[in-house]
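Coordinates as given in input-v8.txt (compact mmCIF, C-alpha atoms):
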```txt
# COMPACT_ATOMS: atom_id res chain seq x y z
CA ASN K 273 24.46 -10.88 15.01
CA ALA K 274 25.11 -12.46 11.64
CA GLY K 275 22.49 -11.87 9.02
CA VAL K 276 21.10 -9.47 6.44
CA THR K 277 20.72 -5.85 7.51
CA GLN K 278 18.42 -3.47 5.65
CA THR K 279 18.14 0.26 6.14
CA PRO K 280 15.98 2.24 6.49
CA LYS K 281 13.03 0.30 7.94
CA PHE K 282 10.50 2.92 6.85
CA GLN K 283 10.63 5.64 4.22
CA VAL K 284 8.20 8.13 2.69
CA LEU K 285 9.14 9.67 -0.64
CA LYS K 286 7.53 12.19 -2.89
CA THR K 287 6.91 11.29 -6.51
CA GLY K 288 10.04 11.91 -8.54
CA GLN K 289 12.50 11.71 -5.67
CA SER K 290 15.34 9.23 -5.73
CA MET K 291 16.75 7.17 -2.91
CA THR K 292 18.89 4.14 -2.12
CA LEU K 293 17.81 1.19 -0.01
CA GLN K 294 20.80 -0.36 1.72
CA CYS K 295 21.46 -4.06 2.19
CA ALA K 296 24.46 -5.64 3.86
CA GLN K 297 25.25 -9.22 4.84
CA ASP K 298 28.12 -10.61 6.88
CA MET K 299 27.85 -14.27 5.96
CA ASN K 300 30.10 -14.11 2.88
CA HIS K 301 27.18 -15.14 0.67
CA GLU K 302 27.81 -14.99 -3.05
CA TYR K 303 24.18 -14.54 -4.00
CA MET K 304 22.14 -11.46 -3.08
CA SER K 305 18.76 -10.31 -4.33
CA TRP K 306 16.02 -7.75 -3.93
CA TYR K 307 12.32 -8.60 -3.82
CA ARG K 308 9.22 -6.49 -3.46
CA GLN K 309 6.15 -7.78 -1.66
CA ASP K 310 2.72 -6.47 -2.59
CA PRO K 311 -0.65 -7.63 -1.24
CA GLY K 312 -2.08 -10.53 -3.23
CA MET K 313 0.97 -10.78 -5.50
CA GLY K 314 3.58 -12.53 -3.44
CA LEU K 315 7.24 -11.64 -3.60
CA ARG K 316 8.65 -10.66 -6.96
CA LEU K 317 12.32 -10.49 -7.84
CA ILE K 318 13.66 -7.08 -8.85
CA HIS K 319 17.40 -7.65 -9.33
CA TYR K 320 19.95 -10.19 -8.19
CA SER K 321 23.70 -10.72 -8.06
CA VAL K 322 25.74 -13.93 -8.08
CA GLY K 323 28.93 -12.21 -6.95
CA ALA K 324 30.81 -8.92 -6.74
CA GLY K 325 30.67 -7.09 -10.05
CA ILE K 326 27.85 -9.24 -11.44
CA THR K 327 24.18 -8.19 -11.47
CA ASP K 328 21.15 -9.23 -13.47
CA GLN K 329 17.49 -8.34 -13.82
CA GLY K 330 14.65 -10.21 -12.23
CA GLU K 331 10.95 -10.18 -12.96
CA VAL K 332 10.23 -6.48 -12.24
CA PRO K 333 13.42 -4.42 -12.78
CA ASN K 334 12.00 -1.24 -14.31
CA GLY K 335 12.64 1.87 -12.25
CA TYR K 336 15.38 0.28 -10.15
CA ASN K 337 19.17 0.05 -10.39
CA VAL K 338 21.65 -2.07 -8.49
CA SER K 339 25.40 -2.49 -8.19
CA ARG K 340 27.61 -4.99 -6.36
CA SER K 341 31.03 -3.53 -5.68
CA THR K 342 31.68 -5.77 -2.66
CA THR K 343 30.50 -9.19 -1.53
CA GLU K 344 28.83 -7.66 1.53
CA ASP K 345 26.73 -4.85 0.04
CA PHE K 346 23.94 -4.75 -2.51
CA PRO K 347 22.16 -1.37 -2.62
CA LEU K 348 18.93 -0.82 -4.53
CA ARG K 349 18.39 2.58 -6.13
CA LEU K 350 15.05 4.07 -7.03
CA LEU K 351 15.76 6.51 -9.82
CA SER K 352 12.53 8.54 -9.84
CA ALA K 353 9.99 7.26 -7.33
CA ALA K 354 6.44 6.56 -8.47
CA PRO K 355 3.35 5.64 -6.41
CA SER K 356 3.46 2.18 -8.05
CA GLN K 357 6.71 1.57 -6.17
CA THR K 358 4.94 1.74 -2.83
CA SER K 359 5.73 -1.68 -1.39
CA VAL K 360 7.72 -3.63 1.15
CA TYR K 361 11.22 -4.38 -0.09
CA PHE K 362 13.23 -7.37 1.06
CA CYS K 363 16.87 -8.13 0.54
CA ALA K 364 17.89 -11.78 0.64
CA SER K 365 21.19 -13.61 0.42
CA SER K 366 22.29 -17.20 0.08
CA ALA K 367 25.35 -19.35 -0.05
CA THR K 368 25.25 -21.40 -3.23
CA HIS K 369 27.01 -24.46 -4.52
CA SER K 370 26.36 -25.93 -7.93
CA ARG K 371 23.22 -23.86 -8.30
CA VAL K 372 21.66 -25.10 -5.08
CA PHE K 373 20.72 -22.49 -2.53
CA TYR K 374 21.62 -23.11 1.06
CA GLY K 375 20.01 -21.12 3.83
CA TYR K 376 18.22 -18.34 1.99
CA THR K 377 18.32 -15.47 4.54
CA PHE K 378 16.03 -12.45 4.40
CA GLY K 379 16.41 -9.02 5.88
CA SER K 380 13.59 -7.52 7.94
CA GLY K 381 12.37 -5.33 5.11
CA THR K 382 11.94 -1.68 4.17
CA ARG K 383 8.41 -0.32 4.00
CA LEU K 384 8.36 2.38 1.31
CA THR K 385 5.50 4.76 0.62
CA VAL K 386 5.56 7.07 -2.39
CA VAL K 387 3.11 9.97 -2.24
CA LYS O 138 6.77 -18.42 -16.36
CA GLN O 139 6.48 -20.45 -13.20
CA GLU O 140 3.25 -19.92 -11.29
CA VAL O 141 3.07 -20.91 -7.64
CA THR O 142 -0.29 -21.28 -5.90
CA GLN O 143 -1.07 -21.81 -2.25
CA ILE O 144 -4.47 -22.93 -1.05
CA PRO O 145 -6.11 -22.05 1.24
CA ALA O 146 -5.22 -18.38 1.59
CA ALA O 147 -6.17 -18.51 5.26
CA LEU O 148 -6.63 -21.28 7.80
CA SER O 149 -7.75 -21.28 11.41
CA VAL O 150 -7.35 -24.35 13.63
CA PRO O 151 -7.57 -25.12 17.36
CA GLU O 152 -4.38 -25.75 19.24
CA GLY O 153 -3.11 -29.32 19.07
CA GLU O 154 -4.45 -30.14 15.63
CA ASN O 155 -2.28 -31.55 12.88
CA LEU O 156 -2.58 -29.59 9.64
CA VAL O 157 -1.42 -29.57 6.04
CA LEU O 158 -0.60 -26.57 3.88
CA ASN O 159 -0.57 -26.99 0.13
CA CYS O 160 1.63 -25.55 -2.60
CA SER O 161 1.36 -26.22 -6.32
CA PHE O 162 3.56 -25.08 -9.18
CA THR O 163 3.08 -25.17 -12.93
CA ASP O 164 6.54 -26.16 -14.20
CA SER O 165 8.07 -29.32 -12.77
CA ALA O 166 11.58 -28.39 -13.96
CA ILE O 167 12.79 -27.13 -10.60
CA TYR O 168 16.06 -27.28 -8.67
CA ASN O 169 14.48 -27.03 -5.27
CA LEU O 170 11.50 -25.89 -3.25
CA GLN O 171 11.64 -23.99 0.00
CA TRP O 172 9.08 -23.27 2.71
CA PHE O 173 9.25 -20.00 4.65
CA ARG O 174 7.47 -18.49 7.59
CA GLN O 175 6.66 -14.76 7.79
CA ASP O 176 5.47 -13.07 10.95
CA PRO O 177 3.54 -9.78 10.63
CA GLY O 178 5.85 -6.88 9.77
CA LYS O 179 8.87 -9.16 9.64
CA GLY O 180 11.10 -10.78 7.06
CA LEU O 181 10.95 -14.38 5.95
CA THR O 182 12.47 -17.23 7.91
CA SER O 183 13.51 -20.37 6.04
CA LEU O 184 11.88 -23.52 7.40
CA LEU O 185 12.73 -26.36 5.05
CA LEU O 186 14.55 -26.73 1.73
CA ILE O 187 13.83 -29.74 -0.48
CA GLN O 188 16.16 -30.40 -3.36
CA SER O 189 14.67 -31.78 -6.56
CA SER O 190 16.16 -35.23 -5.92
CA GLN O 191 14.51 -35.46 -2.50
CA ARG O 192 10.96 -36.45 -1.60
CA GLU O 193 10.73 -34.89 1.85
CA GLN O 194 12.48 -33.03 4.62
CA THR O 195 11.75 -32.92 8.33
CA SER O 196 12.55 -30.44 11.06
CA GLY O 197 10.98 -30.94 14.46
CA ARG O 198 7.18 -30.83 14.09
CA LEU O 199 7.44 -29.83 10.43
CA ASN O 200 7.54 -32.19 7.48
CA ALA O 201 7.63 -31.03 3.87
CA SER O 202 7.08 -33.31 0.91
CA LEU O 203 7.72 -32.78 -2.78
CA ASP O 204 6.14 -34.46 -5.78
CA LYS O 205 7.80 -32.85 -8.78
CA SER O 206 5.89 -34.79 -11.40
CA SER O 207 2.54 -33.55 -10.13
CA GLY O 208 3.84 -30.08 -9.26
CA ARG O 209 2.90 -30.28 -5.61
CA SER O 210 4.39 -29.82 -2.17
CA THR O 211 2.81 -30.07 1.25
CA LEU O 212 3.91 -28.73 4.62
CA TYR O 213 2.67 -30.84 7.51
CA ILE O 214 2.63 -29.26 10.96
CA ALA O 215 2.10 -31.65 13.84
CA ALA O 216 0.48 -30.71 17.14
CA SER O 217 -0.01 -27.06 16.22
CA GLN O 218 0.70 -24.33 18.79
CA PRO O 219 -0.37 -20.65 18.99
CA GLY O 220 3.25 -19.74 18.25
CA ASP O 221 2.85 -21.36 14.83
CA SER O 222 0.49 -18.53 13.83
CA ALA O 223 2.10 -16.81 10.85
CA THR O 224 1.99 -16.71 7.07
CA TYR O 225 3.64 -19.67 5.36
CA LEU O 226 5.07 -19.22 1.89
CA CYS O 227 6.50 -21.73 -0.54
CA ALA O 228 8.97 -20.85 -3.24
CA VAL O 229 10.45 -22.80 -6.13
CA GLU O 230 13.74 -22.31 -7.93
CA PRO O 231 13.39 -23.30 -11.59
CA ASN O 232 16.13 -25.05 -13.54
CA THR O 233 16.73 -21.77 -15.36
CA GLY O 234 17.99 -20.66 -11.99
CA ASN O 235 18.99 -17.70 -9.91
CA GLN O 236 15.65 -16.80 -8.46
CA PHE O 237 12.75 -18.14 -6.49
CA TYR O 238 9.12 -17.84 -7.51
CA PHE O 239 6.92 -17.34 -4.47
CA GLY O 240 3.34 -18.22 -3.73
CA THR O 241 1.11 -15.66 -2.02
CA GLY O 242 1.08 -17.65 1.19
CA THR O 243 -1.31 -19.26 3.64
CA SER O 244 -2.13 -17.24 6.75
CA LEU O 245 -2.36 -19.66 9.66
CA THR O 246 -4.04 -18.88 12.97
CA VAL O 247 -3.80 -21.41 15.79
CA ILE O 248 -6.45 -20.75 18.43
CA PRO O 249 -5.50 -21.48 22.06
```

Translate this file's structure into structure tokens.
Amino acid sequence: NAGVTQTPKFQVLKTGQSMTLQCAQDMNHEYMSWYRQDPGMGLRLIHYSVGAGITDQGEVPNGYNVSRSTTEDFPLRLLSAAPSQTSVYFCASSATHSRVFYGYTFGSGTRLTVV
Amino acid sequence: KQEVTQIPAALSVPEGENLVLNCSFTDSAIYNLQWFRQDPGKGLTSLLLIQSSQREQTSGRLNASLDKSSGRSTLYIAASQPGDSATYLCAVEPNTGNQFYFGTGTSLTVIP
């Protein structure tokens, strides 16, 4: 099935550990992004990419790294996990044309707990 | 920074009622506004996208309107069904681009 695939679905980390959340899409979308969703705060953008080799920071980038070596993949790295990074993480992609987003597609999310 | 507000935070209606969900945003300089649905423990599903030059969009029982000058959008759901129970989020893309700002959502329960 076409769409955005995130792995893992659940993860528990200890403070200070690092890990990578995976995101892959098979729709040839130029734009990919990572959001975190916290209760009462809505979704907030962490990092985004408008194409392979191009990444930029969103609203809450501290503690996270990204890279975009291919159109399909956009992994999110937690460098040294902190309890404040406990959240649900969503990857989203979109085809774009002249700055308009068409069909913003979300993955099913990764629920991360840092203890 | 764009602020997006959705009121009410929760809404409960009997099956068959028509209902309106509200979304307001502080900066009218937007490219587009999108409504999403989120089921518990799931990702977001796009419902309707309204570009800044449009006033409304319709899909089945859903109709979304946009008034940029007043910073408001509404999502109208006709003849609500229990399957409509979910959280509805609106998001705006500002002219500065490349991201959406999301509201915190309205949790809708449709009672059979």

Mind listing as JSON, numbers by chain which residues of chain K are within 9 Å of chain O, counting all atoms listed in the file? {"K": [303, 305, 311, 312, 313, 314, 315, 316, 317, 320, 321, 322, 330, 362, 371, 372, 373, 374, 375, 376, 377, 378, 379, 380, 381]}

Contacts of Val338 in chain K at 12 Å or less, counting all atoms listed in the file, minus same-chain residues fewer than 6 places along, as a PyMOL selection string? chain K and resi 291-295+304-306+318-321+324-330+345-351+363

Report, in Å with one decimal, the straight-line distance from CA of Asp164 in chain O to CA of Asp204 in chain O.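 Computing the Euclidean distance for CA of Asp164 in chain O and CA of Asp204 in chain O yields 11.8 Å.
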
Between CA of Val284 in chain K and CA of Ser352 in chain K, measure the distance and give it in Å to one decimal. 13.3 Å

How far is it from CA of Ala353 in chain K to CA of Lys281 in chain K, in Å with one decimal? 17.1 Å

Give the answer as one residue: which of O:Asp176, O:Pro249, O:Phe162, O:Ser222 has the shortest atom-to-atom distance to Leu148 in chain O, using only C-alpha atoms?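 That would be O:Ser222, the residue with the smallest distance to Leu148 in chain O.
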
Go through K:Ala367, K:Met299, K:Leu384, K:Ala354 and flag the residue nearest Thr279 in chain K, using only C-alpha atoms for the distances.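 Among K:Ala367, K:Met299, K:Leu384, K:Ala354, it is K:Leu384 that comes nearest to Thr279 in chain K.
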
Do you know which residues are at most 12 Å from Ser206 in chain O counting all atoms listed in the file, after dropping those on the same chain fewer than 3 positions away, and could you put them as a VMD selection string? chain O and resid 161 to 167 189 to 190 192 203 209 to 210
